Amino acid sequence: MPAIDQHLADPLLWPADPEAARAVQERLAGRVRVAPLDLDSVSLVAGLDVTYAPGDAGLVAAVVLLELPSLRVVESHTVTAEPAFPYVPGLFAFRELPPLLRALRRLEAEPDVYVCDGYGLAHPRRFGLACHLGVLLDRPALGVAKSAFVGEAEPPAPARGSAGDLRDGGEVIGRSLRTRDGVKPVYVSVGHRVDLDSACELVLRLSPRYRIPEPIRAADQLSRARLAASGG
DNA sequence: GCGACAG
DNA sequence: ATCTTGTCGC
């Protein structure tokens with residue numbers, strides 16, 4: 001597995017135009033692996049998020065490392081940068097991964113799994129941000145999104161823990177998962193080296209109190225705070 | 001062509 | 001995503 005620095009320096013991975021970016025996704029999508037993840041062996045979880053300044057005048061990428069089962073923060077890092085790729089639905093990774101990878105490079109401990117704010121296989125080319133990160137690092141990764149993007153989501157029962165299929169055509173590409181009683185579900189999909197069951201089980205363990213899993217919440221709050229502190 | 005469209 | 005505080009309800 002190439003180091004993060006090699007990925008960041010590889011021009012073939014970071015095309016400037018959307019057409020070439022889609023081709024990169026199609027090329028890398030074949031590397032995604034779906035497999036059960038033994039949650040008993042998971043003790044360090046990384047949460048990732050990016051916050052943008054109005055008008056795309058800068059961004060802050062944040063990574064927070066939490067330990068299980070306490071959910072306490074053991075590391076947190078931020079990177080400030082200028083957006084280098086526009087927001088194009090379906091091409092998120094080309095906008096968010098470069099600064100996120102630079103933040104991940106600073107981690108002292110290696111996460112057992114990466115939790116991304118967005119989708120994995122629930123993507124037009126089955127290669128969302130969580131797949132992209134997971135494949136580049138060849139590490140377990142999953143995506144948790146706050147809204148649907150592709151496919152049709154079956155509404156879960158009202159109780160926390162209930163889930164419904166997220167389908168595109170006949171294919172199950174993710175799950176709508178209720179993390180709080182009576183509260184709008186989140187949308188979970190596989191990134192790499194996990195399966196839907198282990199991904200959903202982990203998301204529930206990471207969301208004992210709030211709708212959004214703690215690692216993503218923590219990264220979101222950190223990136224917002226860092227952006228506000230840098231003025232704008 | 002039109003609308004919808006992770007953050 | 002961002003522009004945005006308090007308030008109501010569980």
# chains A, B, ... in the order shown; residues from 1 in each chain; ligands from 1
>>> closest_atom_pairs(of="chain A", to="chain C", cutoff="12 Å", atoms="only C-alpha atoms (C1' of nucleotides)", output="JSON lines")
{"residue": "A:Asp49", "atom": "CA", "partner": "C:DA1", "partner_atom": "C1'", "distance": 11.4}
{"residue": "A:Val50", "atom": "CA", "partner": "C:DA1", "partner_atom": "C1'", "distance": 9.2}
{"residue": "A:Thr51", "atom": "CA", "partner": "C:DA1", "partner_atom": "C1'", "distance": 7.1}
{"residue": "A:Tyr52", "atom": "CA", "partner": "C:DA1", "partner_atom": "C1'", "distance": 6.4}
{"residue": "A:Ala53", "atom": "CA", "partner": "C:DT2", "partner_atom": "C1'", "distance": 7.3}
{"residue": "A:Pro54", "atom": "CA", "partner": "C:DT2", "partner_atom": "C1'", "distance": 5.3}
{"residue": "A:Gly55", "atom": "CA", "partner": "C:DT2", "partner_atom": "C1'", "distance": 8.0}
{"residue": "A:Asp56", "atom": "CA", "partner": "C:DA1", "partner_atom": "C1'", "distance": 9.3}
{"residue": "A:Ala57", "atom": "CA", "partner": "C:DT2", "partner_atom": "C1'", "distance": 11.2}
{"residue": "A:Leu59", "atom": "CA", "partner": "C:DA1", "partner_atom": "C1'", "distance": 10.6}
{"residue": "A:Tyr87", "atom": "CA", "partner": "C:DA1", "partner_atom": "C1'", "distance": 9.6}
{"residue": "A:Arg180", "atom": "CA", "partner": "C:DC10", "partner_atom": "C1'", "distance": 11.8}
{"residue": "A:Asp181", "atom": "CA", "partner": "C:DC10", "partner_atom": "C1'", "distance": 10.3}
{"residue": "A:Gly182", "atom": "CA", "partner": "C:DC10", "partner_atom": "C1'", "distance": 10.3}
{"residue": "A:Val183", "atom": "CA", "partner": "C:DC10", "partner_atom": "C1'", "distance": 11.3}
{"residue": "A:Asp220", "atom": "CA", "partner": "C:DA1", "partner_atom": "C1'", "distance": 11.5}
{"residue": "A:Arg224", "atom": "CA", "partner": "C:DA1", "partner_atom": "C1'", "distance": 11.1}
{"residue": "A:Gly232", "atom": "CA", "partner": "C:DT2", "partner_atom": "C1'", "distance": 10.7}
>>> interface_residues(of="chain B", to="chain A", cutoff="8 Å", atoms="only C-alpha atoms (C1' of nucleotides)", output="PyMOL selection string")
chain B and resi 5-7
>>> write_last_selection(atoms="C-alpha atoms (C1' of nucleotides)", output="PDB file, in the first residue's frame")
ATOM      1  C1'  DC B   5     -28.257  15.947  -6.731  1.00  0.00           C
ATOM      2  C1'  DA B   6     -23.437  13.142  -0.402  1.00  0.00           C
ATOM      3  C1'  DG B   7     -20.979  18.195   1.465  1.00  0.00           C
TER       4       DG B   7
END
>>> select_by_dssp(residues="region 143-202 of chain A", states="strand (DSSP E or B)", output="list in words")
Gly143, Val144, Ala145, Glu152, Ala153, Ala163, Gly164, Asp165, Leu166, Arg167, Asp168, Glu171, Val172, Ile173, Gly174, Arg175, Ser176, Leu177, Val186, Tyr187, Val188, Ser189, Val190, Gly191, His192 and Val194 of chain A
>>> residues_around(residues="Arg106 (chain A)", least_positions_apart="5", cutoff="10 Å", atoms="only C-alpha atoms (C1' of nucleotides)", output="MDAnalysis selection string")
chainID A and resid 63 75:79 101
>>> atom_distance(atom1="CA of Leu137 (chain A)", atom2="CA of Arg31 (chain A)")
11.4 Å
>>> select_by_dssp(residues="region 18-200 of chain A", states="helix (DSSP H, G or I)", output="ChimeraX atom specification")
/A:18-31,39-41,54-56,92-104,129-137,196-200
>>> residues_around(residues="Gly174 (chain A)", least_positions_apart="5", cutoff="6 Å", atoms="only C-alpha atoms (C1' of nucleotides)", output="CSV table (one decimal) with N, CA, C and O atoms, in the first residue's frame")
chain,number,residue,atom,x,y,z
A,122,ALA,N,-23.1,3.6,-1.9
A,122,ALA,CA,-24.4,4.3,-2.3
A,122,ALA,C,-24.0,5.5,-3.1
A,122,ALA,O,-24.1,6.7,-2.7
A,166,LEU,N,-31.6,0.6,1.5
A,166,LEU,CA,-31.4,1.6,0.5
A,166,LEU,C,-31.1,0.9,-0.8
A,166,LEU,O,-30.1,0.3,-1.0
A,188,VAL,N,-26.3,4.7,5.8
A,188,VAL,CA,-25.0,4.0,6.0
A,188,VAL,C,-24.7,3.2,4.8
A,188,VAL,O,-25.6,2.5,4.2
A,189,SER,N,-23.5,3.3,4.3
A,189,SER,CA,-23.1,2.4,3.2
A,189,SER,C,-21.6,2.0,3.4
A,189,SER,O,-20.8,2.7,4.1
>>> atom_distance(atom1="CA of His132 (chain A)", atom2="CA of Arg102 (chain A)")
14.9 Å
>>> atom_distance(atom1="CA of Phe94 (chain A)", atom2="CA of Ala21 (chain A)")
7.4 Å
>>> closest_residue(among="A:Pro158, A:Gly164, A:Arg175, A:Leu104", to="Asp5 (chain A)", atoms="only C-alpha atoms")
A:Leu104
>>> residues_around(residues="Arg205 (chain A)", least_positions_apart="5", cutoff="12 Å", atoms="only C-alpha atoms (C1' of nucleotides)", output="number ranges by chain")
A: 39-40, 42-43, 45, 67-71, 160-161, 179-180, 198-200, 210-215
>>> write_last_selection(atoms="N, CA, C and O atoms", output="short mmCIF file (atom, residue, chain, number, x, y, z; two decimals), in the first residue's frame")
data_model
loop_
_atom_site.label_atom_id
_atom_site.label_comp_id
_atom_site.auth_asym_id
_atom_site.auth_seq_id
_atom_site.Cartn_x
_atom_site.Cartn_y
_atom_site.Cartn_z
N LEU A 39 -16.05 -6.37 15.22
CA LEU A 39 -16.11 -5.14 16.00
C LEU A 39 -15.39 -5.27 17.35
O LEU A 39 -15.02 -4.26 17.95
N ASP A 40 -15.19 -6.52 17.80
CA ASP A 40 -14.45 -6.69 19.05
C ASP A 40 -12.99 -6.27 18.90
O ASP A 40 -12.31 -6.01 19.88
N VAL A 42 -12.11 -3.65 17.16
CA VAL A 42 -12.08 -2.22 16.84
C VAL A 42 -11.98 -1.41 18.13
O VAL A 42 -12.88 -1.43 18.96
N SER A 43 -10.88 -0.70 18.27
CA SER A 43 -10.76 0.15 19.46
C SER A 43 -10.47 1.60 19.11
O SER A 43 -10.67 2.49 19.93
N VAL A 45 -11.36 4.57 16.29
CA VAL A 45 -12.21 4.96 15.16
C VAL A 45 -11.90 6.41 14.78
O VAL A 45 -11.92 7.30 15.64
N GLU A 67 -11.60 6.48 21.01
CA GLU A 67 -11.39 5.10 21.44
C GLU A 67 -12.73 4.51 21.87
O GLU A 67 -13.61 5.20 22.38
N LEU A 68 -12.87 3.23 21.60
CA LEU A 68 -14.05 2.48 22.03
C LEU A 68 -13.68 1.65 23.25
O LEU A 68 -12.56 1.18 23.33
N PRO A 69 -14.63 1.40 24.16
CA PRO A 69 -16.03 1.84 24.08
C PRO A 69 -16.30 3.20 24.72
O PRO A 69 -17.44 3.64 24.71
N SER A 70 -15.26 3.88 25.21
CA SER A 70 -15.52 5.11 25.96
C SER A 70 -15.97 6.26 25.06
O SER A 70 -16.59 7.20 25.53
N LEU A 71 -15.60 6.20 23.80
CA LEU A 71 -15.86 7.28 22.84
C LEU A 71 -15.10 8.55 23.22
O LEU A 71 -15.50 9.66 22.84
N ARG A 160 -34.99 3.27 17.74
CA ARG A 160 -33.54 3.25 17.52
C ARG A 160 -33.07 1.83 17.23
O ARG A 160 -33.50 0.88 17.91
N GLY A 161 -32.21 1.69 16.23
CA GLY A 161 -31.71 0.38 15.86
C GLY A 161 -32.42 -0.20 14.64
O GLY A 161 -31.92 -1.12 14.01
N THR A 179 -30.85 6.01 14.46
CA THR A 179 -29.90 6.06 15.57
C THR A 179 -30.51 6.66 16.82
O THR A 179 -29.92 6.60 17.90
N ARG A 180 -31.71 7.27 16.66
CA ARG A 180 -32.45 7.80 17.82
C ARG A 180 -33.94 7.53 17.61
O ARG A 180 -34.45 7.67 16.49
N SER A 198 -21.91 -5.10 9.85
CA SER A 198 -20.92 -4.58 10.80
C SER A 198 -20.89 -3.05 10.77
O SER A 198 -20.70 -2.41 11.81
N ALA A 199 -21.10 -2.47 9.59
CA ALA A 199 -21.11 -1.01 9.51
C ALA A 199 -22.25 -0.42 10.35
O ALA A 199 -22.05 0.52 11.12
N CYS A 200 -23.44 -0.99 10.22
CA CYS A 200 -24.59 -0.47 10.97
C CYS A 200 -24.42 -0.71 12.47
O CYS A 200 -24.76 0.16 13.29
N TYR A 210 -26.71 10.89 20.15
CA TYR A 210 -27.13 11.81 19.10
C TYR A 210 -27.35 11.05 17.79
O TYR A 210 -26.87 9.93 17.61
N ARG A 211 -28.07 11.73 16.89
CA ARG A 211 -28.35 11.13 15.59
C ARG A 211 -27.06 10.83 14.83
O ARG A 211 -26.94 9.78 14.19
N ILE A 212 -26.14 11.76 14.86
CA ILE A 212 -24.89 11.61 14.12
C ILE A 212 -23.85 10.91 14.98
O ILE A 212 -23.65 11.28 16.14
N PRO A 213 -23.16 9.92 14.42
CA PRO A 213 -22.12 9.21 15.17
C PRO A 213 -21.07 10.16 15.74
O PRO A 213 -20.67 11.12 15.08
N GLU A 214 -20.63 9.87 16.95
CA GLU A 214 -19.70 10.75 17.66
C GLU A 214 -18.45 11.13 16.86
O GLU A 214 -18.03 12.29 16.89
N PRO A 215 -17.82 10.20 16.15
CA PRO A 215 -16.60 10.60 15.43
C PRO A 215 -16.87 11.70 14.39
O PRO A 215 -16.07 12.64 14.25
#
